[in-house]
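Asker: File protein.cif follows (mmCIF, N, CA, C and O atoms):
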data_structure
#
loop_
_atom_site.label_atom_id
_atom_site.label_comp_id
_atom_site.auth_asym_id
_atom_site.auth_seq_id
_atom_site.Cartn_x
_atom_site.Cartn_y
_atom_site.Cartn_z
N MET A 795 4.46 -11.11 9.58
CA MET A 795 3.48 -10.49 8.69
C MET A 795 2.27 -11.41 8.55
O MET A 795 2.41 -12.61 8.47
N LYS A 796 1.11 -10.80 8.45
CA LYS A 796 -0.13 -11.54 8.33
C LYS A 796 -0.87 -11.04 7.09
O LYS A 796 -0.95 -9.84 6.86
N PHE A 797 -1.39 -11.94 6.29
CA PHE A 797 -2.16 -11.57 5.10
C PHE A 797 -3.60 -12.00 5.29
O PHE A 797 -3.88 -13.11 5.71
N GLU A 798 -4.53 -11.13 4.94
CA GLU A 798 -5.95 -11.43 5.05
C GLU A 798 -6.61 -11.06 3.72
O GLU A 798 -6.53 -9.92 3.28
N VAL A 799 -7.23 -12.00 3.07
CA VAL A 799 -7.85 -11.76 1.77
C VAL A 799 -9.11 -10.92 1.95
O VAL A 799 -9.94 -11.21 2.79
N ARG A 800 -9.24 -9.85 1.14
CA ARG A 800 -10.39 -8.96 1.24
C ARG A 800 -11.26 -8.95 -0.01
O ARG A 800 -12.19 -8.18 -0.09
N GLY A 801 -10.99 -9.75 -0.99
CA GLY A 801 -11.81 -9.74 -2.20
C GLY A 801 -11.00 -9.44 -3.43
O GLY A 801 -9.84 -9.07 -3.35
N GLY A 802 -11.60 -9.59 -4.59
CA GLY A 802 -10.87 -9.42 -5.85
C GLY A 802 -11.13 -8.10 -6.51
O GLY A 802 -12.11 -7.44 -6.26
N ILE A 803 -10.22 -7.70 -7.38
CA ILE A 803 -10.35 -6.46 -8.13
C ILE A 803 -10.22 -6.71 -9.61
O ILE A 803 -10.55 -5.88 -10.42
N GLY A 804 -9.76 -7.88 -10.02
CA GLY A 804 -9.63 -8.19 -11.43
C GLY A 804 -8.28 -7.83 -12.02
O GLY A 804 -8.17 -7.67 -13.23
N MET A 805 -7.26 -7.68 -11.20
CA MET A 805 -5.92 -7.39 -11.71
C MET A 805 -5.27 -8.67 -12.22
O MET A 805 -5.58 -9.76 -11.76
N GLU A 806 -4.34 -8.51 -13.17
CA GLU A 806 -3.60 -9.64 -13.71
C GLU A 806 -2.15 -9.54 -13.27
O GLU A 806 -1.54 -8.48 -13.30
N CYS A 807 -1.58 -10.64 -12.83
CA CYS A 807 -0.20 -10.71 -12.37
C CYS A 807 0.76 -10.43 -13.52
O CYS A 807 0.63 -11.00 -14.60
N ILE A 808 1.74 -9.55 -13.27
CA ILE A 808 2.72 -9.24 -14.31
C ILE A 808 3.76 -10.34 -14.47
O ILE A 808 4.48 -10.37 -15.46
N LYS A 809 3.86 -11.25 -13.52
CA LYS A 809 4.84 -12.33 -13.58
C LYS A 809 4.30 -13.57 -14.30
O LYS A 809 4.97 -14.14 -15.14
N CYS A 810 3.07 -14.00 -13.95
CA CYS A 810 2.56 -15.26 -14.51
C CYS A 810 1.19 -15.13 -15.18
O CYS A 810 0.64 -16.12 -15.64
N LYS A 811 0.63 -13.90 -15.19
CA LYS A 811 -0.69 -13.63 -15.79
C LYS A 811 -1.84 -14.25 -14.99
O LYS A 811 -2.96 -14.34 -15.47
N GLY A 812 -1.57 -14.69 -13.75
CA GLY A 812 -2.61 -15.23 -12.89
C GLY A 812 -3.49 -14.13 -12.32
O GLY A 812 -3.23 -12.93 -12.48
N LYS A 813 -4.52 -14.52 -11.60
CA LYS A 813 -5.46 -13.59 -10.99
C LYS A 813 -4.86 -13.02 -9.71
O LYS A 813 -4.31 -13.75 -8.88
N MET A 814 -4.97 -11.69 -9.55
CA MET A 814 -4.50 -11.04 -8.33
C MET A 814 -5.71 -10.59 -7.52
O MET A 814 -6.69 -10.09 -8.08
N ILE A 815 -5.62 -10.79 -6.22
CA ILE A 815 -6.70 -10.36 -5.33
C ILE A 815 -6.17 -9.33 -4.34
O ILE A 815 -4.99 -9.29 -4.04
N ASN A 816 -7.07 -8.49 -3.86
CA ASN A 816 -6.74 -7.50 -2.86
C ASN A 816 -6.61 -8.19 -1.52
O ASN A 816 -7.45 -9.01 -1.16
N ALA A 817 -5.53 -7.90 -0.78
CA ALA A 817 -5.30 -8.52 0.53
C ALA A 817 -4.85 -7.47 1.51
O ALA A 817 -4.25 -6.46 1.14
N LYS A 818 -5.14 -7.67 2.77
CA LYS A 818 -4.70 -6.76 3.82
C LYS A 818 -3.34 -7.22 4.31
O LYS A 818 -3.14 -8.40 4.59
N ILE A 819 -2.39 -6.29 4.38
CA ILE A 819 -1.06 -6.62 4.87
C ILE A 819 -0.83 -5.84 6.16
O ILE A 819 -1.17 -4.67 6.27
N GLY A 820 -0.30 -6.51 7.15
CA GLY A 820 -0.03 -5.85 8.43
C GLY A 820 1.26 -6.36 9.02
O GLY A 820 1.62 -7.52 8.84
N GLY A 821 1.94 -5.52 9.73
CA GLY A 821 3.19 -5.91 10.33
C GLY A 821 3.39 -5.36 11.73
O GLY A 821 4.36 -5.66 12.39
N ASP A 822 2.45 -4.55 12.20
CA ASP A 822 2.61 -3.99 13.53
C ASP A 822 1.63 -4.65 14.51
O ASP A 822 0.70 -5.34 14.12
N ILE A 823 1.83 -4.44 15.78
CA ILE A 823 0.99 -5.09 16.80
C ILE A 823 -0.39 -4.48 16.91
O ILE A 823 -1.29 -5.06 17.48
N TYR A 824 -0.59 -3.29 16.33
CA TYR A 824 -1.87 -2.61 16.42
C TYR A 824 -2.80 -2.91 15.25
O TYR A 824 -3.95 -2.53 15.27
N GLY A 825 -2.30 -3.54 14.21
CA GLY A 825 -3.13 -3.87 13.05
C GLY A 825 -3.50 -2.68 12.19
O GLY A 825 -4.48 -2.72 11.47
N VAL A 826 -2.72 -1.62 12.25
CA VAL A 826 -3.01 -0.40 11.51
C VAL A 826 -2.77 -0.57 10.02
O VAL A 826 -3.45 0.01 9.20
N GLY A 827 -1.81 -1.38 9.65
CA GLY A 827 -1.48 -1.56 8.24
C GLY A 827 -0.35 -0.66 7.82
O GLY A 827 0.32 -0.03 8.63
N LEU A 828 -0.13 -0.56 6.52
CA LEU A 828 0.98 0.22 5.97
C LEU A 828 0.52 1.59 5.49
O LEU A 828 -0.60 1.75 5.03
N SER A 829 1.44 2.55 5.58
CA SER A 829 1.18 3.85 4.99
C SER A 829 2.50 4.43 4.49
O SER A 829 3.58 4.05 4.97
N LEU A 830 2.41 5.30 3.52
CA LEU A 830 3.57 6.03 3.00
C LEU A 830 3.51 7.44 3.55
O LEU A 830 2.44 8.02 3.66
N THR A 831 4.67 8.00 3.89
CA THR A 831 4.70 9.37 4.39
C THR A 831 5.79 10.16 3.68
O THR A 831 6.76 9.61 3.19
N ASN A 832 5.60 11.47 3.64
CA ASN A 832 6.57 12.38 3.05
C ASN A 832 6.42 13.72 3.76
O ASN A 832 5.30 14.16 4.03
N LYS A 833 7.54 14.38 4.09
CA LYS A 833 7.46 15.70 4.68
C LYS A 833 8.77 16.44 4.51
O LYS A 833 9.82 15.84 4.35
N LYS A 834 8.68 17.75 4.56
CA LYS A 834 9.88 18.58 4.54
C LYS A 834 10.60 18.40 5.87
O LYS A 834 10.00 18.03 6.88
N LYS A 835 11.90 18.68 5.88
CA LYS A 835 12.66 18.63 7.13
C LYS A 835 12.15 19.73 8.06
O LYS A 835 11.85 20.83 7.63
N GLY A 836 12.05 19.40 9.32
CA GLY A 836 11.62 20.38 10.32
C GLY A 836 10.52 19.81 11.20
O GLY A 836 9.66 19.05 10.75
N VAL A 837 10.53 20.21 12.44
CA VAL A 837 9.58 19.69 13.44
C VAL A 837 8.16 20.12 13.14
O VAL A 837 7.21 19.36 13.34
N PHE A 838 7.96 21.35 12.66
CA PHE A 838 6.61 21.89 12.49
C PHE A 838 6.05 21.73 11.08
O PHE A 838 5.01 22.30 10.77
N GLU A 839 6.71 20.96 10.23
CA GLU A 839 6.23 20.74 8.87
C GLU A 839 5.10 19.71 8.86
O GLU A 839 5.05 18.81 9.69
N ILE A 840 4.22 19.82 7.89
CA ILE A 840 3.07 18.93 7.76
C ILE A 840 3.51 17.57 7.20
O ILE A 840 4.28 17.51 6.25
N LEU A 841 2.97 16.51 7.78
CA LEU A 841 3.24 15.16 7.31
C LEU A 841 2.21 14.79 6.25
O LEU A 841 1.01 14.84 6.50
N HIS A 842 2.68 14.47 5.05
CA HIS A 842 1.79 14.04 3.96
C HIS A 842 1.76 12.51 3.99
O HIS A 842 2.79 11.87 4.13
N GLN A 843 0.56 11.93 3.82
CA GLN A 843 0.41 10.49 4.04
C GLN A 843 -0.59 9.86 3.08
O GLN A 843 -1.54 10.50 2.66
N SER A 844 -0.35 8.60 2.74
CA SER A 844 -1.27 7.81 1.92
C SER A 844 -1.28 6.38 2.45
O SER A 844 -0.24 5.84 2.80
N THR A 845 -2.45 5.79 2.48
CA THR A 845 -2.53 4.37 2.82
C THR A 845 -2.05 3.56 1.62
O THR A 845 -1.91 4.07 0.52
N VAL A 846 -1.81 2.27 1.85
CA VAL A 846 -1.27 1.38 0.81
C VAL A 846 -2.20 0.18 0.65
O VAL A 846 -2.62 -0.42 1.63
N SER A 847 -2.51 -0.15 -0.60
CA SER A 847 -3.26 -1.36 -0.90
C SER A 847 -2.30 -2.44 -1.34
O SER A 847 -1.29 -2.17 -2.00
N CYS A 848 -2.61 -3.67 -0.97
CA CYS A 848 -1.76 -4.82 -1.31
C CYS A 848 -2.55 -5.76 -2.21
O CYS A 848 -3.73 -6.03 -1.96
N PHE A 849 -1.89 -6.27 -3.24
CA PHE A 849 -2.49 -7.25 -4.13
C PHE A 849 -1.56 -8.45 -4.22
O PHE A 849 -0.35 -8.29 -4.30
N VAL A 850 -2.13 -9.65 -4.18
CA VAL A 850 -1.32 -10.87 -4.21
C VAL A 850 -1.85 -11.79 -5.31
O VAL A 850 -3.06 -11.93 -5.49
N CYS A 851 -0.93 -12.40 -6.06
CA CYS A 851 -1.30 -13.36 -7.10
C CYS A 851 -1.63 -14.69 -6.44
O CYS A 851 -0.82 -15.22 -5.66
N VAL A 852 -2.78 -15.26 -6.76
CA VAL A 852 -3.18 -16.53 -6.16
C VAL A 852 -2.45 -17.71 -6.79
O VAL A 852 -2.49 -18.82 -6.26
N GLU A 853 -1.75 -17.49 -7.90
CA GLU A 853 -1.02 -18.57 -8.58
C GLU A 853 0.44 -18.65 -8.13
O GLU A 853 0.91 -19.70 -7.72
N CYS A 854 1.17 -17.52 -8.21
CA CYS A 854 2.62 -17.56 -7.93
C CYS A 854 3.01 -16.84 -6.64
O CYS A 854 4.15 -16.94 -6.22
N GLY A 855 2.10 -16.08 -6.04
CA GLY A 855 2.39 -15.40 -4.79
C GLY A 855 3.04 -14.04 -4.93
O GLY A 855 3.39 -13.39 -3.94
N TYR A 856 3.20 -13.57 -6.17
CA TYR A 856 3.77 -12.24 -6.39
C TYR A 856 2.92 -11.19 -5.67
O TYR A 856 1.70 -11.25 -5.70
N ILE A 857 3.56 -10.23 -5.01
CA ILE A 857 2.86 -9.18 -4.27
C ILE A 857 3.15 -7.83 -4.89
O ILE A 857 4.29 -7.52 -5.24
N GLU A 858 2.11 -7.01 -5.02
CA GLU A 858 2.23 -5.66 -5.54
C GLU A 858 1.61 -4.70 -4.55
O GLU A 858 0.50 -4.94 -4.07
N LEU A 859 2.32 -3.60 -4.25
CA LEU A 859 1.80 -2.58 -3.35
C LEU A 859 1.48 -1.33 -4.16
O LEU A 859 2.21 -0.98 -5.08
N LYS A 860 0.38 -0.64 -3.78
CA LYS A 860 -0.06 0.54 -4.53
C LYS A 860 -0.50 1.61 -3.55
O LYS A 860 -1.28 1.35 -2.63
N ALA A 861 0.02 2.84 -3.72
CA ALA A 861 -0.42 3.97 -2.90
C ALA A 861 -1.85 4.32 -3.27
O ALA A 861 -2.18 4.47 -4.45
N ASP A 862 -2.73 4.42 -2.27
CA ASP A 862 -4.14 4.73 -2.54
C ASP A 862 -4.35 6.18 -2.97
O ASP A 862 -5.20 6.46 -3.80
N LYS A 863 -3.58 7.09 -2.39
CA LYS A 863 -3.70 8.51 -2.72
C LYS A 863 -2.30 9.11 -2.93
O LYS A 863 -1.81 9.87 -2.12
N PRO A 864 -1.65 8.76 -4.06
CA PRO A 864 -0.28 9.21 -4.28
C PRO A 864 -0.13 10.73 -4.35
O PRO A 864 0.91 11.27 -3.96
N LYS A 865 -1.14 11.43 -4.80
CA LYS A 865 -1.05 12.90 -4.90
C LYS A 865 -1.00 13.55 -3.51
O LYS A 865 -0.52 14.67 -3.38
N ASP A 866 -1.49 12.85 -2.48
CA ASP A 866 -1.42 13.37 -1.12
C ASP A 866 0.02 13.42 -0.60
O ASP A 866 0.29 14.04 0.42
N LEU A 867 0.97 12.76 -1.28
CA LEU A 867 2.36 12.73 -0.86
C LEU A 867 3.18 13.90 -1.42
O LEU A 867 4.33 14.10 -1.04
N ILE A 868 2.59 14.69 -2.31
CA ILE A 868 3.29 15.79 -2.96
C ILE A 868 3.52 16.92 -1.96
O ILE A 868 2.61 17.36 -1.26
N ILE A 869 4.77 17.39 -1.90
CA ILE A 869 5.13 18.54 -1.06
C ILE A 869 5.26 19.75 -1.96
O ILE A 869 5.98 19.73 -2.94
N GLU A 870 4.54 20.79 -1.62
CA GLU A 870 4.61 22.02 -2.44
C GLU A 870 5.35 23.10 -1.71
O GLU A 870 5.50 23.16 -0.57
#
How does this structure look as structure tokens?
Answerer:
Amino acid sequence: MKFEVRGGIGMECIKCKGKMINAKIGGDIYGVGLSLTNKKKGVFEILHQSTVSCFVCVECGYIELKADKPKDLIIE
């Protein structure tokens, strides 16, 4: 895994109250990043997807992940 700092957002760490910054997290060879998916069973069903933002505490290293568009994951 590789972390790349992208700037701050002003979040506070829930573990130590330190400053959290937005960071890019990647784990694949293409550098696409993380995404969440949801879909009904079946080959022809639509895949619902959201990208994920990563935040890391600069004091203790705690990491928090957040879905950027959680409502896009809803299956109706």
Asker: Return as a ChimeraX atom specification the set of residues that the PyMOL selection byres ((chain A and resi 834-843) around 7) yields on the displayed structure.
Answerer: /A:829-833,844-845,863-869
Asker: Per DSSP on the backbone, what are the helix (DSSP H, G or I) residues of region 796-870 of chain A, as a PDB file with N, CA, C and O atoms, in the coordinates of the input?
Answerer:
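The result, written out as part_26.pdb:
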ATOM      1  N   PRO A 864      -1.650   8.760  -4.060  1.00  0.00           N
ATOM      2  CA  PRO A 864      -0.280   9.210  -4.280  1.00  0.00           C
ATOM      3  C   PRO A 864      -0.130  10.730  -4.350  1.00  0.00           C
ATOM      4  O   PRO A 864       0.910  11.270  -3.960  1.00  0.00           O
ATOM      5  N   LYS A 865      -1.140  11.430  -4.800  1.00  0.00           N
ATOM      6  CA  LYS A 865      -1.050  12.900  -4.900  1.00  0.00           C
ATOM      7  C   LYS A 865      -1.000  13.550  -3.510  1.00  0.00           C
ATOM      8  O   LYS A 865      -0.520  14.670  -3.380  1.00  0.00           O
ATOM      9  N   ASP A 866      -1.490  12.850  -2.480  1.00  0.00           N
ATOM     10  CA  ASP A 866      -1.420  13.370  -1.120  1.00  0.00           C
ATOM     11  C   ASP A 866       0.020  13.420  -0.600  1.00  0.00           C
ATOM     12  O   ASP A 866       0.290  14.040   0.420  1.00  0.00           O
ATOM     13  N   LEU A 867       0.970  12.760  -1.280  1.00  0.00           N
ATOM     14  CA  LEU A 867       2.360  12.730  -0.860  1.00  0.00           C
ATOM     15  C   LEU A 867       3.180  13.900  -1.420  1.00  0.00           C
ATOM     16  O   LEU A 867       4.330  14.100  -1.040  1.00  0.00           O
TER      17      LEU A 867
END
Asker: By how many Å are CA of Leu859 (chain A) and CA of Lys818 (chain A) apart?
Answerer: 10.5 Å
Asker: Go ahead and find all residues with at least one atom no further than 8 Å from (-1.5, -18.9, -12.5) in the file's coordinates, using only N, CA, C and O atoms; report them as a list in words.
Answerer: Cys810, Lys811, Gly812, Lys813, Cys851, Val852, Glu853, Cys854 and Gly855 of chain A
Asker: Hey, could you pull the box centre and edge lengths for region 858-861 of chain A, axis-aligned, 5 Å padding per side, all listed atoms, to one decimal in Å, as AutoDock Vina command-line options?
Answerer:
--center_x 0.1 --center_y -1.3 --center_z -4.1 --size_x 14.5 --size_y 21.5 --size_z 12.9
